[in-house]
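Here the structure is laid out as structure tokens; the discussion comes afterwards.
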Amino acid sequence: MFVARGIVGGVPVSAQDERRYERRDLTTGAVLTLASAFGRTEAEAAADAAAGAFAAWSSTTPEERSTLLRRGADLLAENVDELCRIAQVEVGATPEWIRFNVEVARATLHQAAGLADAIGDEKVEGAPTGVRYHLIRRPAGVVLGLAPWNAPVALAVRALAAPLALGNTVVLKGSELCPKVHETVAQLLIDAGLPDGVLNYVSSAPEDAHDVVDALIAHPAVRRVNFTGSTRVGRHIAELAARHLKRCLLELSGKASAVILSDADLASAAKSVAHGAFFNQGQVCMSTDRIIIEERIADEFISLLRRETERLGGEFGHVIGPEAVARLQGLAADAAAKGAVLVTGGQNVGTLMQPTIVDHVAYGMRIYEEEIFGPMVGVIRVEDADEAVTVANDTEYGLSAAVFGRDLPRARAIARRIEAGAVHINGTTVCDDPAMPYGGMKASGYGRFGGRAVIEEFTEIQWMTERDAPGGEDRTP
């Protein structure tokens, strides 16, 4: 059993009255982690600590901030085995997935370190005679990062890396499902040398999460919010932030489509789709939910995909709990009752669930519309590429997609018609690069993590005009 605490002002702290909650194995009931259960008061203290550290941290040099972030990346790599051990217990993740998480997290920290010099003063042209214009890029203030459980290392780091690089201080609110993983990530970055209060970690019981998040968003020092998670919760976060006129960055649910054109390399596409659908048990916002394929090649492709899927064998971890298994089985049963065909999989032993392919998915089935978020993928057969685009866009979500075809100009033209924040040609939908802007359209959220686009999310621009003082005395700095 693990013990997890919060971190406020650089110091591990427990909740008032030693309040704790138990992160239990959802199948056996065994206690996995005993975690501090912060309430509004402790959450506000974390925001106060971040506010107190802001002036000094925002005044550090880009070199100082970059050095600390890169040192944090090194510490994550040095502690990858421990992170694998904790994550396997708390969320059932395979070591392969957590090692991948750590590599993405390290790349994210290095990329963010390269943004540190974006803070500063830029002189611009176009001012009237006798006037000088400056654009001052400055940190926003305290940033609240809300991290999910499914990619526990990579997405916790993404919630805080760019804000810290750009001179903000951070309160990281961890997931109730992996409090020890998120505490460990925060502590490793603090161990890299972050000054006290620059990064704070908040842990809460599930029943207190609403009050804690509400208190943090309402805190006057918190100026930005970023959240990665479901659209259902994201709507609530957006409503809270709007109430306080605070800008938020939301990366929410997805329902990624893989469009297989008639000229695709089917063997290669099958490998990519199997990865996109089943990596981390399909519990990724970018996971391939729908295969949209031209009828004339569907049977051949599905045979290849079945072979790739059944090769996965024992490489799987657990889905997050029995409720997830029941929901997935409900999706398959609903589809079967309405005419779909189970190609392979569908069985489970506890929370270990076989990768599942459902063919002949059609409008009106739950699996056609709902985010799957598990080791299952639906196949939708279409007549041609135009119908494929129509089906791909027939969803409220728009996060990731893929197009497979040998004729690259044609595949590119199809990709441009798909309403998604990222579209990959001849590659898996589960693809991220911290150097590139990543986010969604429609109900998949708004704003962008990654690349230089993230600068707009976590900084303010101040327009400054400057004139010489009357009488010729220049009093400007």
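How things are named: the first chain in the structure tokens is A, the next is B, and so on; residues count from 1 in each chain; ligands count from 1 in the order shown.
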
Polymer residues at most 9 Å from stretch 450-464 of chain A, only C-alpha atoms, same-chain spacing of 4 or more positions, as a ChimeraX atom specification: /A:108,111-112,115,118-119,132-141,143,158,162-163,166-168,223-224,247-249,433-439

Who sits within 6 Å of stretch 89-101 of chain A, only C-alpha atoms, same chain under 5 positions skipped, as a PyMOL selection string: chain A and resi 84+153-154+178+317-318

Preceding selection exported with C-alpha atoms as a tab-separated table (two decimals), in the first residue's frame:
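File result_1.tsv, as written:
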```
chain	number	residue	atom	x	y	z
A	84	CYS	CA	6.04	1.93	-13.40
A	153	VAL	CA	2.95	10.86	-16.05
A	154	ALA	CA	2.79	12.49	-19.48
A	178	CYS	CA	-3.67	7.79	-9.10
A	317	GLY	CA	-2.99	-4.28	-18.90
A	318	HIS	CA	-6.23	-3.74	-17.04
```

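Checking A:Tyr397, A:Tyr201, A:Tyr446, A:Phe279 one by one against A:Glu371, counting only C-alpha atoms, you find the shortest gap at A:Tyr397.
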
DSSP strand (DSSP E) selection over stretch 316-437 of chain A, as a PyMOL selection string: chain A and resi 341-344+348-349+352-353+356-359+376-382+397-398+400-404+422-425

8 Å contact set for stretch 345-350 of chain A, only C-alpha atoms, chain neighbours under 2 positions out, as an MDAnalysis selection string: chainID A and resid 27 322 325 329 332 342:343 352:357

How would the residues just picked look written out with N, CA, C and O atoms as a compact mmCIF listing (two decimals), in the first residue's frame?
```
# COMPACT_ATOMS: atom_id res chain seq x y z
N THR A 27 -11.87 -4.05 -8.18
CA THR A 27 -12.32 -5.43 -8.30
C THR A 27 -12.25 -6.17 -6.97
O THR A 27 -13.22 -6.79 -6.54
N PRO A 322 -14.40 -2.39 -12.98
CA PRO A 322 -15.55 -3.19 -13.43
C PRO A 322 -16.62 -2.38 -14.14
O PRO A 322 -17.28 -2.87 -15.05
N VAL A 325 -15.66 -2.18 -17.71
CA VAL A 325 -15.93 -3.45 -18.40
C VAL A 325 -17.41 -3.56 -18.74
O VAL A 325 -17.79 -3.91 -19.87
N GLN A 329 -19.03 -3.87 -22.48
CA GLN A 329 -19.88 -5.00 -22.85
C GLN A 329 -21.27 -4.52 -23.29
O GLN A 329 -21.88 -5.10 -24.20
N ALA A 332 -21.03 -3.39 -26.90
CA ALA A 332 -20.99 -4.52 -27.83
C ALA A 332 -22.36 -5.19 -27.94
O ALA A 332 -22.79 -5.57 -29.04
N LEU A 342 -19.59 -9.38 -34.10
CA LEU A 342 -18.36 -9.46 -33.33
C LEU A 342 -17.32 -10.25 -34.12
O LEU A 342 -17.53 -11.42 -34.44
N VAL A 343 -16.18 -9.62 -34.42
CA VAL A 343 -15.13 -10.27 -35.20
C VAL A 343 -14.20 -11.05 -34.29
O VAL A 343 -13.84 -12.20 -34.56
N LEU A 352 -9.30 -7.50 -16.91
CA LEU A 352 -8.52 -7.83 -18.11
C LEU A 352 -9.51 -8.15 -19.22
O LEU A 352 -10.28 -9.11 -19.13
N MET A 353 -9.50 -7.34 -20.29
CA MET A 353 -10.47 -7.51 -21.35
C MET A 353 -9.76 -7.69 -22.68
O MET A 353 -8.81 -6.97 -23.00
N GLN A 354 -10.21 -8.68 -23.44
CA GLN A 354 -9.60 -8.94 -24.73
C GLN A 354 -9.87 -7.78 -25.71
O GLN A 354 -10.96 -7.20 -25.69
N PRO A 355 -8.90 -7.45 -26.56
CA PRO A 355 -9.15 -6.45 -27.60
C PRO A 355 -10.26 -6.93 -28.53
O PRO A 355 -10.29 -8.09 -28.93
N THR A 356 -11.17 -6.04 -28.85
CA THR A 356 -12.43 -6.41 -29.49
C THR A 356 -12.66 -5.61 -30.77
O THR A 356 -12.50 -4.39 -30.78
N ILE A 357 -13.06 -6.31 -31.84
CA ILE A 357 -13.43 -5.67 -33.10
C ILE A 357 -14.90 -5.95 -33.37
O ILE A 357 -15.34 -7.11 -33.33
```

DSSP helix (DSSP H, G or I) selection over stretch 240-450 of chain A, as an NGL selection string: :A and (240-243 or 266-282 or 295-311 or 313-315 or 322-337 or 366-369 or 385-392 or 408-417)

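Going from atom CA of A:Asp289 over to atom CA of A:Ala238, you cover 25.5 Å.
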
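Remark: for A:Leu328, the closest of the candidate residues A:Phe2, A:Phe373, A:Phe227, A:Phe38 is A:Phe373 (distances computed over only C-alpha atoms).
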